[in-house]
>>> print(open('data.cif').read())   # mmCIF, C-alpha atoms (C1' of nucleotides)
data_upload
loop_
_atom_site.label_atom_id
_atom_site.label_comp_id
_atom_site.auth_asym_id
_atom_site.auth_seq_id
_atom_site.Cartn_x
_atom_site.Cartn_y
_atom_site.Cartn_z
CA MET A 1 -6.98 -8.55 2.65
CA PRO A 2 -8.10 -12.09 2.42
CA PRO A 3 -9.52 -12.69 -1.03
CA SER A 4 -13.12 -11.86 -0.45
CA SER A 5 -13.93 -14.05 2.45
CA GLU A 6 -14.56 -11.21 4.85
CA SER A 7 -17.41 -8.78 4.61
CA PRO A 8 -19.08 -8.85 1.23
CA PRO A 9 -17.54 -6.10 -0.87
CA THR A 10 -20.83 -4.38 -1.56
CA ASP A 11 -21.33 -3.91 2.12
CA CYS A 12 -18.94 -1.04 2.27
CA SER A 13 -18.10 1.37 -0.45
CA ILE A 14 -14.89 2.32 1.27
CA ALA A 15 -13.68 -1.25 1.20
CA ALA A 16 -14.71 -1.51 -2.44
CA ALA A 17 -12.84 1.66 -3.29
CA LEU A 18 -9.77 0.43 -1.49
CA GLU A 19 -9.74 -2.71 -3.60
CA ILE A 20 -8.87 -0.38 -6.45
CA ILE A 21 -6.89 2.46 -4.99
CA GLY A 22 -5.86 1.10 -1.61
CA ASP A 23 -2.18 1.17 -2.28
CA ARG A 24 0.30 3.92 -1.64
CA TRP A 25 1.87 3.82 -5.07
CA THR A 26 -1.51 3.85 -6.74
CA ILE A 27 -2.55 7.00 -4.97
CA LEU A 28 0.71 8.72 -5.78
CA ILE A 29 0.28 7.74 -9.41
CA LEU A 30 -3.16 9.29 -9.37
CA ARG A 31 -1.78 12.41 -7.75
CA ASP A 32 0.71 12.72 -10.58
CA ALA A 33 -2.00 12.09 -13.12
CA PHE A 34 -3.96 15.00 -11.67
CA ARG A 35 -0.88 17.10 -12.05
CA GLY A 36 -0.82 16.29 -15.72
CA LEU A 37 1.66 13.44 -16.04
CA ARG A 38 0.70 10.90 -18.66
CA ARG A 39 3.65 8.80 -19.71
CA PHE A 40 5.21 5.74 -18.19
CA ASP A 41 8.62 7.26 -17.88
CA ASP A 42 7.33 10.52 -16.45
CA PHE A 43 5.62 8.65 -13.68
CA ARG A 44 8.62 6.46 -13.17
CA LYS A 45 11.05 9.34 -12.85
CA ASP A 46 8.82 11.47 -10.73
CA LEU A 47 7.98 8.77 -8.25
CA ASP A 48 11.24 6.91 -8.43
CA ILE A 49 9.18 3.77 -8.58
CA ALA A 50 10.39 0.37 -9.75
CA ARG A 51 9.31 -0.33 -13.31
CA PRO A 52 7.48 -3.58 -12.63
CA VAL A 53 5.50 -1.96 -9.85
CA LEU A 54 4.52 0.99 -12.01
CA SER A 55 3.61 -1.31 -14.84
CA ASP A 56 1.44 -3.37 -12.55
CA ARG A 57 -0.34 -0.41 -10.96
CA LEU A 58 -1.07 1.26 -14.27
CA ARG A 59 -2.50 -1.94 -15.64
CA LYS A 60 -4.72 -2.34 -12.62
CA LEU A 61 -5.93 1.24 -12.87
CA VAL A 62 -6.76 0.74 -16.52
CA ASP A 63 -8.52 -2.54 -15.79
CA ALA A 64 -10.56 -0.84 -13.10
CA GLY A 65 -11.59 1.94 -15.45
CA VAL A 66 -9.85 4.71 -13.57
CA MET A 67 -7.38 5.42 -16.36
CA THR A 68 -7.17 4.77 -20.06
CA ARG A 69 -4.20 3.69 -22.10
CA THR A 70 -4.09 5.11 -25.59
CA ALA A 71 -1.40 5.41 -28.20
CA TYR A 72 -0.11 8.91 -28.67
CA GLN A 73 2.22 8.02 -31.55
CA GLN A 74 2.61 5.13 -33.92
CA ARG A 75 6.07 4.63 -35.27
CA PRO A 76 7.42 3.27 -32.11
CA GLU A 77 4.05 2.68 -30.60
CA ARG A 78 3.84 4.67 -27.41
CA PHE A 79 1.04 4.97 -24.94
CA GLU A 80 -0.17 7.52 -22.50
CA TYR A 81 -2.27 7.09 -19.42
CA ARG A 82 -5.09 9.45 -18.65
CA LEU A 83 -7.72 9.73 -16.03
CA THR A 84 -11.21 8.76 -17.07
CA ARG A 85 -14.21 10.53 -15.60
CA MET A 86 -14.24 7.88 -12.94
CA GLY A 87 -10.66 8.81 -12.15
CA ILE A 88 -11.27 12.53 -12.21
CA GLU A 89 -14.01 12.10 -9.68
CA LEU A 90 -11.48 10.83 -7.23
CA SER A 91 -10.27 14.37 -6.82
CA PRO A 92 -12.39 15.14 -3.76
CA ALA A 93 -10.70 12.27 -1.97
CA LEU A 94 -7.23 13.39 -2.99
CA VAL A 95 -8.00 16.99 -2.13
CA ALA A 96 -9.28 15.95 1.28
CA LEU A 97 -6.13 13.96 1.87
CA MET A 98 -3.96 16.83 0.78
CA ARG A 99 -5.73 19.31 3.00
CA TRP A 100 -5.46 16.97 5.93
CA GLY A 101 -1.75 16.66 5.30
CA ASP A 102 -1.46 20.43 5.00
CA THR A 103 -3.20 20.93 8.30
CA TRP A 104 -1.61 18.24 10.38
CA LEU A 105 1.67 17.30 8.84
CA SER A 106 3.12 20.34 7.25
CA THR A 107 5.55 22.37 9.26
CA ASP A 108 5.68 25.48 7.19
CA GLY A 109 2.51 25.99 5.25
CA PRO A 110 0.94 24.07 2.42
CA PRO A 111 3.35 23.17 -0.39
CA THR A 112 0.59 23.72 -2.89
CA VAL A 113 -2.56 25.75 -2.59
CA LEU A 114 -5.68 24.83 -4.51
CA VAL A 115 -7.74 27.67 -5.82
CA HIS A 116 -10.98 28.31 -7.60
CA ASP A 117 -9.99 28.48 -11.24
CA VAL A 118 -12.39 31.31 -11.92
CA CYS A 119 -11.43 33.78 -9.23
CA GLY A 120 -8.11 32.50 -7.98
CA HIS A 121 -9.07 32.36 -4.33
CA PRO A 122 -8.35 29.34 -2.17
CA LEU A 123 -11.06 26.73 -2.26
CA GLU A 124 -12.80 25.22 0.67
CA GLN A 125 -14.04 21.71 0.86
CA GLY A 126 -16.87 20.68 3.09
CA PHE A 127 -20.20 19.15 3.72
CA TRP A 128 -23.32 20.83 2.57
CA CYS A 129 -26.96 20.27 3.34
CA ARG A 130 -29.19 21.34 0.51
CA THR A 131 -32.24 21.23 2.73
CA CYS A 132 -30.86 23.41 5.48
CA GLN A 133 -28.85 25.46 3.01
CA GLU A 134 -25.82 25.39 5.19
CA THR A 135 -22.41 23.89 5.53
CA PHE A 136 -21.51 21.79 8.52
CA SER A 137 -18.64 19.97 10.15
CA PRO A 138 -17.77 16.27 10.34
CA SER A 139 -19.31 15.97 13.78
CA ASP A 140 -22.74 16.75 12.37
CA ILE A 141 -22.78 13.69 10.19
CA ALA A 142 -24.94 10.68 10.95
CA SER A 143 -25.41 7.58 8.88
CA ARG A 144 -28.51 5.78 7.79
CA PRO A 145 -28.84 2.31 6.38
CA GLY A 146 -28.99 2.22 2.63
CA LEU A 147 -31.65 0.27 0.82
CA HIS A 148 -30.31 -3.09 1.82
CA SER A 149 -29.10 -2.97 5.35
CA HIS A 150 -30.81 -2.46 8.66
CA ARG A 151 -28.49 -0.96 11.11
CA THR A 152 -27.84 2.54 12.27
CA ASP A 153 -24.51 3.39 13.65
CA PRO A 154 -23.00 6.76 14.12
CA ILE A 155 -20.20 7.66 11.88
CA SER A 156 -18.65 10.12 14.23
CA PRO A 157 -17.12 9.02 17.49
CA ASP A 158 -19.34 10.27 20.21
CA THR A 159 -16.92 12.43 22.03
CA PRO A 160 -14.22 14.62 20.60
CA ASP A 161 -11.96 13.21 23.27
CA PRO A 162 -11.18 15.67 26.06
CA GLN A 163 -7.46 15.51 26.19
CA LEU A 164 -5.54 15.45 23.04
CA HIS A 165 -1.98 15.01 24.03
CA GLY A 166 -0.08 17.46 21.95
CA ALA A 167 3.05 15.42 22.13
CA THR A 168 1.71 12.82 19.83
CA ARG A 169 1.30 15.27 17.01
CA ALA A 170 4.74 14.52 15.68
CA ARG A 171 4.72 12.92 12.32
CA VAL A 172 6.23 9.59 11.74
CA THR A 173 8.69 9.05 9.04
CA MET B 174 8.47 3.93 -0.89
CA PRO B 175 12.20 4.24 -0.71
CA PRO B 176 13.17 5.60 2.68
CA SER B 177 13.21 9.26 1.97
CA SER B 178 15.49 9.51 -0.94
CA GLU B 179 12.86 10.73 -3.35
CA SER B 180 11.02 14.00 -3.07
CA PRO B 181 11.31 15.59 0.32
CA PRO B 182 8.23 14.63 2.34
CA THR B 183 7.14 18.18 2.98
CA ASP B 184 6.92 18.80 -0.71
CA CYS B 185 3.67 16.94 -1.00
CA SER B 186 1.01 16.71 1.62
CA ILE B 187 -0.53 13.72 -0.04
CA ALA B 188 2.69 11.78 0.21
CA ALA B 189 3.04 12.86 3.81
CA ALA B 190 -0.50 11.76 4.60
CA LEU B 191 0.12 8.43 2.94
CA GLU B 192 3.07 7.80 5.20
CA ILE B 193 0.52 7.56 7.97
CA ILE B 194 -2.64 6.20 6.44
CA GLY B 195 -1.40 4.78 3.16
CA ASP B 196 -2.36 1.26 3.94
CA ARG B 197 -5.58 -0.55 3.27
CA TRP B 198 -5.97 -1.96 6.75
CA THR B 199 -5.29 1.40 8.32
CA ILE B 200 -8.06 3.05 6.40
CA LEU B 201 -10.50 0.29 7.24
CA ILE B 202 -9.56 0.62 10.90
CA LEU B 203 -10.30 4.31 10.69
CA ARG B 204 -13.59 3.62 9.01
CA ASP B 205 -14.53 1.35 11.89
CA ALA B 206 -13.38 3.94 14.39
CA PHE B 207 -15.74 6.43 12.77
CA ARG B 208 -18.50 3.90 13.19
CA GLY B 209 -17.80 3.87 16.87
CA LEU B 210 -15.62 0.81 17.38
CA ARG B 211 -13.01 1.25 20.08
CA ARG B 212 -11.66 -2.05 21.25
CA PHE B 213 -9.00 -4.28 19.88
CA ASP B 214 -11.23 -7.28 19.59
CA ASP B 215 -14.07 -5.35 18.03
CA PHE B 216 -11.78 -4.20 15.27
CA ARG B 217 -10.35 -7.64 14.90
CA LYS B 218 -13.67 -9.36 14.55
CA ASP B 219 -15.19 -6.79 12.29
CA LEU B 220 -12.28 -6.67 9.91
CA ASP B 221 -11.19 -10.26 10.25
CA ILE B 222 -7.68 -8.91 10.45
CA ALA B 223 -4.65 -10.75 11.77
CA ARG B 224 -3.83 -9.76 15.32
CA PRO B 225 -0.23 -8.73 14.73
CA VAL B 226 -1.31 -6.54 11.87
CA LEU B 227 -4.02 -4.85 13.87
CA SER B 228 -1.66 -4.40 16.76
CA ASP B 229 0.92 -2.83 14.49
CA ARG B 230 -1.53 -0.52 12.72
CA LEU B 231 -3.09 0.70 15.93
CA ARG B 232 0.31 1.42 17.39
CA LYS B 233 1.29 3.38 14.33
CA LEU B 234 -1.94 5.37 14.39
CA VAL B 235 -1.36 6.20 18.04
CA ASP B 236 2.24 7.17 17.38
CA ALA B 237 1.14 9.41 14.58
CA GLY B 238 -1.40 11.12 16.78
CA VAL B 239 -4.44 9.96 14.86
CA MET B 240 -5.75 7.82 17.70
CA THR B 241 -5.26 7.60 21.44
CA ARG B 242 -4.94 4.52 23.58
CA THR B 243 -6.43 4.80 27.03
CA ALA B 244 -7.37 2.30 29.69
CA TYR B 245 -11.08 1.84 30.12
CA GLN B 246 -10.77 -0.56 33.07
CA GLN B 247 -8.08 -1.54 35.50
CA ARG B 248 -8.34 -5.01 36.93
CA PRO B 249 -7.32 -6.70 33.79
CA GLU B 250 -5.98 -3.59 32.21
CA ARG B 251 -7.87 -3.01 29.00
CA PHE B 252 -7.48 -0.27 26.46
CA GLU B 253 -9.61 1.46 23.95
CA TYR B 254 -8.62 3.33 20.86
CA ARG B 255 -10.26 6.59 19.92
CA LEU B 256 -9.85 9.09 17.21
CA THR B 257 -8.19 12.33 18.16
CA ARG B 258 -9.20 15.57 16.53
CA MET B 259 -6.53 14.90 13.95
CA GLY B 260 -8.20 11.59 13.25
CA ILE B 261 -11.69 13.01 13.14
CA GLU B 262 -10.59 15.47 10.54
CA LEU B 263 -9.85 12.62 8.21
CA SER B 264 -13.56 12.20 7.72
CA PRO B 265 -13.76 14.31 4.57
CA ALA B 266 -11.28 11.97 2.94
CA LEU B 267 -13.19 8.88 4.02
CA VAL B 268 -16.49 10.37 2.99
CA ALA B 269 -15.09 11.27 -0.41
CA LEU B 270 -13.82 7.75 -0.84
CA MET B 271 -17.14 6.29 0.20
CA ARG B 272 -19.09 8.47 -2.15
CA TRP B 273 -16.78 7.59 -4.99
CA GLY B 274 -17.31 3.93 -4.23
CA ASP B 275 -21.06 4.48 -4.08
CA THR B 276 -21.05 6.16 -7.44
CA TRP B 277 -18.72 3.95 -9.37
CA LEU B 278 -18.57 0.60 -7.70
CA SER B 279 -21.91 -0.10 -6.16
CA THR B 280 -24.35 -2.13 -8.13
CA ASP B 281 -27.46 -1.52 -6.15
CA GLY B 282 -27.37 1.75 -4.35
CA PRO B 283 -25.20 2.98 -1.53
CA PRO B 284 -24.91 0.53 1.36
CA THR B 285 -24.92 3.41 3.80
CA VAL B 286 -26.24 6.89 3.39
CA LEU B 287 -24.71 9.80 5.23
CA VAL B 288 -27.07 12.46 6.43
CA HIS B 289 -27.02 15.83 8.11
CA ASP B 290 -27.46 15.00 11.76
CA VAL B 291 -29.73 17.98 12.33
CA CYS B 292 -32.30 17.47 9.61
CA GLY B 293 -31.74 13.93 8.45
CA HIS B 294 -31.32 14.74 4.81
CA PRO B 295 -28.49 13.31 2.73
CA LEU B 296 -25.37 15.40 2.80
CA GLU B 297 -23.45 16.66 -0.13
CA GLN B 298 -19.74 17.14 -0.25
CA GLY B 299 -18.09 19.60 -2.52
CA PHE B 300 -15.80 22.47 -3.19
CA TRP B 301 -16.78 25.92 -2.12
CA CYS B 302 -15.43 29.34 -2.95
CA ARG B 303 -16.05 31.82 -0.21
CA THR B 304 -15.25 34.72 -2.47
CA CYS B 305 -17.61 33.76 -5.25
CA GLN B 306 -20.11 32.32 -2.80
CA GLU B 307 -20.64 29.28 -4.93
CA THR B 308 -19.92 25.62 -5.17
CA PHE B 309 -18.00 24.20 -8.07
CA SER B 310 -16.78 20.95 -9.56
CA PRO B 311 -13.35 19.31 -9.66
CA SER B 312 -12.65 20.68 -13.11
CA ASP B 313 -12.70 24.23 -11.79
CA ILE B 314 -9.78 23.66 -9.52
CA ALA B 315 -6.37 25.09 -10.23
CA SER B 316 -3.29 24.97 -8.06
CA ARG B 317 -0.92 27.65 -6.95
CA PRO B 318 2.49 27.29 -5.44
CA GLY B 319 2.58 27.48 -1.68
CA LEU B 320 4.88 29.85 0.10
CA HIS B 321 8.00 28.05 -0.92
CA SER B 322 7.77 27.18 -4.55
CA HIS B 323 7.21 29.12 -7.72
CA ARG B 324 5.27 27.13 -10.18
CA THR B 325 1.70 27.05 -11.35
CA ASP B 326 0.26 23.91 -12.70
CA PRO B 327 -3.34 22.91 -12.89
CA ILE B 328 -4.39 20.05 -10.76
CA SER B 329 -7.14 18.82 -12.99
CA PRO B 330 -6.33 17.22 -16.28
CA ASP B 331 -7.74 19.59 -18.77
CA THR B 332 -10.37 17.29 -19.95
CA PRO B 333 -10.42 14.66 -22.63
CA ASP B 334 -8.53 16.95 -24.90
CA PRO B 335 -6.95 15.71 -28.12
CA GLN B 336 -3.33 16.20 -27.46
CA LEU B 337 -1.44 18.02 -24.89
CA HIS B 338 1.68 16.08 -24.51
CA GLY B 339 1.91 15.27 -20.91
CA ALA B 340 5.55 16.05 -20.87
CA THR B 341 5.04 19.76 -21.17
CA ARG B 342 2.65 19.81 -18.29
CA ALA B 343 5.07 18.01 -16.11
CA ARG B 344 5.31 19.16 -12.59
CA VAL B 345 8.42 20.06 -10.82
CA THR B 346 9.14 18.06 -7.80
"C1'" DG C 347 -9.00 -25.70 38.35
"C1'" DG C 348 -11.16 -25.54 33.80
"C1'" DT C 349 -12.96 -22.48 30.52
"C1'" DG C 350 -13.57 -17.93 28.56
"C1'" DT C 351 -12.26 -13.05 27.40
"C1'" DC C 352 -9.22 -9.48 26.00
"C1'" DG C 353 -5.08 -7.72 24.27
"C1'" DG C 354 -1.45 -8.68 22.86
"C1'" DT C 355 3.66 -11.17 21.07
"C1'" DT C 356 6.54 -14.64 18.62
"C1'" DC C 357 7.64 -17.41 15.00
"C1'" DT C 358 7.41 -18.94 10.33
"C1'" DG C 359 5.87 -19.20 5.73
"C1'" DA C 360 3.79 -16.50 1.87
"C1'" DT C 361 3.41 -12.28 -0.61
"C1'" DT C 362 5.28 -8.19 -2.46
"C1'" DA C 363 8.73 -4.89 -3.68
"C1'" DT C 364 13.09 -3.95 -5.42
"C1'" DG C 365 17.12 -3.24 -8.56
"C1'" DA C 366 19.64 -5.03 -12.32
"C1'" DA C 367 19.62 -6.78 -16.61
"C1'" DC C 368 17.34 -7.72 -20.88
"C1'" DT C 369 13.98 -6.96 -24.92
"C1'" DA C 370 11.91 -4.42 -28.60
"C1'" DA C 371 11.09 -0.89 -31.95
"C1'" DG C 372 12.30 2.78 -33.27
"C1'" DT C 373 15.30 7.75 -33.67
"C1'" DT C 374 19.43 10.47 -33.77
"C1'" DG C 375 24.27 11.43 -34.48
"C1'" DC C 376 28.40 10.84 -37.25
"C1'" DG D 377 26.05 1.53 -41.50
"C1'" DC D 378 26.72 1.40 -36.76
"C1'" DA D 379 26.72 2.97 -32.11
"C1'" DA D 380 24.17 5.34 -28.73
"C1'" DC D 381 19.90 6.89 -27.00
"C1'" DT D 382 14.71 6.85 -25.98
"C1'" DT D 383 10.45 4.83 -24.32
"C1'" DA D 384 7.90 1.20 -22.49
"C1'" DG D 385 8.02 -2.52 -20.96
"C1'" DT D 386 9.33 -7.86 -19.01
"C1'" DT D 387 12.05 -11.34 -16.46
"C1'" DC D 388 14.66 -12.74 -12.73
"C1'" DA D 389 16.81 -13.16 -8.14
"C1'" DT D 390 16.90 -11.25 -3.80
"C1'" DA D 391 15.37 -8.41 0.08
"C1'" DA D 392 11.82 -6.60 2.81
"C1'" DT D 393 7.34 -6.85 4.47
"C1'" DC D 394 3.02 -9.01 5.60
"C1'" DA D 395 -0.15 -12.25 7.31
"C1'" DG D 396 -1.70 -16.33 9.93
"C1'" DA D 397 -1.37 -19.88 13.48
"C1'" DA D 398 -0.18 -20.65 17.75
"C1'" DC D 399 1.03 -19.15 22.06
"C1'" DC D 400 1.13 -16.02 26.48
"C1'" DG D 401 -0.59 -13.62 30.60
"C1'" DA D 402 -3.81 -11.51 33.58
"C1'" DC D 403 -7.91 -11.75 35.17
"C1'" DA D 404 -13.31 -13.29 35.57
"C1'" DC D 405 -16.63 -16.75 36.08
"C1'" DC D 406 -18.40 -20.94 38.02
#
>>> encode(input="data.cif", output="structure tokens")
Amino acid sequence: MPPSSESPPTDCSIAAALEIIGDRWTILILRDAFRGLRRFDDFRKDLDIARPVLSDRLRKLVDAGVMTRTAYQQRPERFEYRLTRMGIELSPALVALMRWGDTWLSTDGPPTVLVHDVCGHPLEQGFWCRTCQETFSPSDIASRPGLHSHRTDPISPDTPDPQLHGATRARVT
Amino acid sequence: MPPSSESPPTDCSIAAALEIIGDRWTILILRDAFRGLRRFDDFRKDLDIARPVLSDRLRKLVDAGVMTRTAYQQRPERFEYRLTRMGIELSPALVALMRWGDTWLSTDGPPTVLVHDVCGHPLEQGFWCRTCQETFSPSDIASRPGLHSHRTDPISPDTPDPQLHGATRARVT
DNA sequence: GGTGTCGGTTCTGATTATGAACTAAGTTGC
DNA sequence: GCAACTTAGTTCATAATCAGAACCGACACC
């Protein structure tokens, strides 16, 4: 993305979020962090990522406030990387991505199933309207201008497209 | 990412999803598609993206089955790009990303507010357990192996706890 | 027939990723 | 005491990828 010359960053929260986590390695690092990995070498081995790239991404995540870097031992000073609250709150996005992958890209069932910690049953993720007291699907979403803008455009494409050529469902490597 | 030498793609749905949409431009294109944009030049102007890049990303999205390319007029043959069902179902991920950006990166309120189309009230997004009939937060998520593996590791970092040497929690690829 | 629109492609230079090697501060083995 | 190993990096040269400017082609408009 060109420095900042395009749309002002504040104009779109998605664009702003992508400034921080809009990188494949970054998201995979976060995925691993959610799984419990904390150390440089654990990330490096798991992802098979080049050291300079990992170093760079971790630094950026720390700078952005998504992770923290704290010493876990002194003698040879060693650090571990953990998700901050800001980082933990990225989980809905990662979960959504994972479920999408499960649904559309997996050939033989989800590799990992997320469950409600309390009861052990698979979780669902969705949209909820407190007023109507009901859940609803993506096609029932509309968007409204926030406090500073003045447009109103639909977030959902206005037709679920009649034909949906099955052939194209193949995944790309 | 190295070709395919690391973890088998099917082992992680997030990695698989990133093969398709793990690119900043791609996600912004999808965002615009959700807003209703359909034509090459509309995307190009809105994003201020280089033509070859847009061309490439759109082609990849079509190949992956996330969008379709269909002629909307004949004389000078012109095409439009639309989300398929597969693409529409990415909305939870985009919404999650947007809400995260709203919460953590916006200085003066969300630029755009998403609402329930039926009643006009702001929507909520969350995790839901059908069994317990209740919503819950990211910290109440655990993960279970899918049909093919045999491990059990929590997806959420178990809080700002004192020590819990990451190494022991390490996942298995 | 000149200008404009739309949807691209080609070419080239800039950015980014990569692996290999090196550093640094220790620990462990013998 | 010395070699080998661990962890967390950095530096460097090269390879791959990306992005931007300019161009192309088919048509519309006037």
>>> atom_distance(input="data.cif", atom1="atom CA of A:Pro52", atom2="atom CA of A:Leu83")
20.5 Å
>>> resolve_selection(input="data.cif", expression="the PyMOL selection byres ((chain C and resi 360-372) around 6)", output="number ranges by chain")
A: 76; C: 359, 373
>>> closest_atom_pairs(input="data.cif", of="chain C", to="chain B", cutoff="8 Å", atoms="all atoms listed in the file", output="CSV")
residue,atom,partner,partner_atom,distance
C:DC352,C1',B:Asp214,CA,7.1
C:DG353,C1',B:Phe213,CA,6.8
C:DG354,C1',B:Ser228,CA,7.5
C:DT355,C1',B:Pro225,CA,7.8
>>> residues_near_point(input="data.cif", point="(1.1, -16.6, 11.1)", cutoff="8 Å", atoms="only C-alpha atoms (C1' of nucleotides)", output="list of chain:residue names")
C:DC357, C:DT358, C:DG359, D:DA395, D:DG396, D:DA397, D:DA398
>>> resolve_selection(input="data.cif", expression="the PyMOL selection byres ((chain C and resi 374) around 9)", output="list in words")
DT373 and DG375 of chain C; DA380 and DC381 of chain D
>>> interface_residues(input="data.cif", of="chain D", to="chain A", cutoff="10 Å", atoms="all atoms listed in the file", output="short mmCIF file (atom, residue, chain, number, x, y, z; two decimals) with C-alpha atoms (C1' of nucleotides), keeping the file's coordinate frame")
data_model
loop_
_atom_site.label_atom_id
_atom_site.label_comp_id
_atom_site.auth_asym_id
_atom_site.auth_seq_id
_atom_site.Cartn_x
_atom_site.Cartn_y
_atom_site.Cartn_z
"C1'" DT D 383 10.45 4.83 -24.32
"C1'" DA D 384 7.90 1.20 -22.49
"C1'" DG D 385 8.02 -2.52 -20.96
"C1'" DT D 386 9.33 -7.86 -19.01
"C1'" DT D 387 12.05 -11.34 -16.46
"C1'" DA D 395 -0.15 -12.25 7.31
#
>>> atom_distance(input="data.cif", atom1="atom CA of A:Thr112", atom2="atom CA of B:Cys302")
17.0 Å
>>> atom_distance(input="data.cif", atom1="atom CA of A:Leu58", atom2="atom CA of B:Gly195")
17.8 Å
>>> axis_aligned_box(input="data.cif", around="stretch 381-400 of chain D", padding_each_side="8 Å", output="JSON")
{"center_x": 9.1, "center_y": -6.9, "center_z": -0.3, "size_x": 37.6, "size_y": 43.5, "size_z": 69.5}
>>> closest_residue(input="data.cif", among="B:Asp229, B:Glu192, B:Glu253, B:Asp215", to="chain A", atoms="only C-alpha atoms")
B:Glu192
>>> decode(input="data.cif", residues="stretch 226-240 of chain B", atoms="C-alpha atoms", output="mmCIF file, in the first residue's frame")
data_model
loop_
_atom_site.group_PDB
_atom_site.id
_atom_site.type_symbol
_atom_site.label_atom_id
_atom_site.label_comp_id
_atom_site.auth_asym_id
_atom_site.auth_seq_id
_atom_site.Cartn_x
_atom_site.Cartn_y
_atom_site.Cartn_z
ATOM 1 C CA VAL B 226 -2.015 -5.944 -9.043
ATOM 2 C CA LEU B 227 -5.767 -5.580 -9.163
ATOM 3 C CA SER B 228 -5.914 -7.698 -12.269
ATOM 4 C CA ASP B 229 -3.854 -10.391 -10.598
ATOM 5 C CA ARG B 230 -5.820 -10.378 -7.352
ATOM 6 C CA LEU B 231 -9.169 -10.519 -9.073
ATOM 7 C CA ARG B 232 -8.030 -13.402 -11.209
ATOM 8 C CA LYS B 233 -6.840 -15.277 -8.167
ATOM 9 C CA LEU B 234 -10.098 -14.654 -6.339
ATOM 10 C CA VAL B 235 -12.033 -15.938 -9.332
ATOM 11 C CA ASP B 236 -9.795 -18.980 -9.624
ATOM 12 C CA ALA B 237 -10.292 -19.717 -5.979
ATOM 13 C CA GLY B 238 -14.044 -19.507 -6.311
ATOM 14 C CA VAL B 239 -14.470 -16.496 -4.082
ATOM 15 C CA MET B 240 -15.668 -14.241 -6.886
#
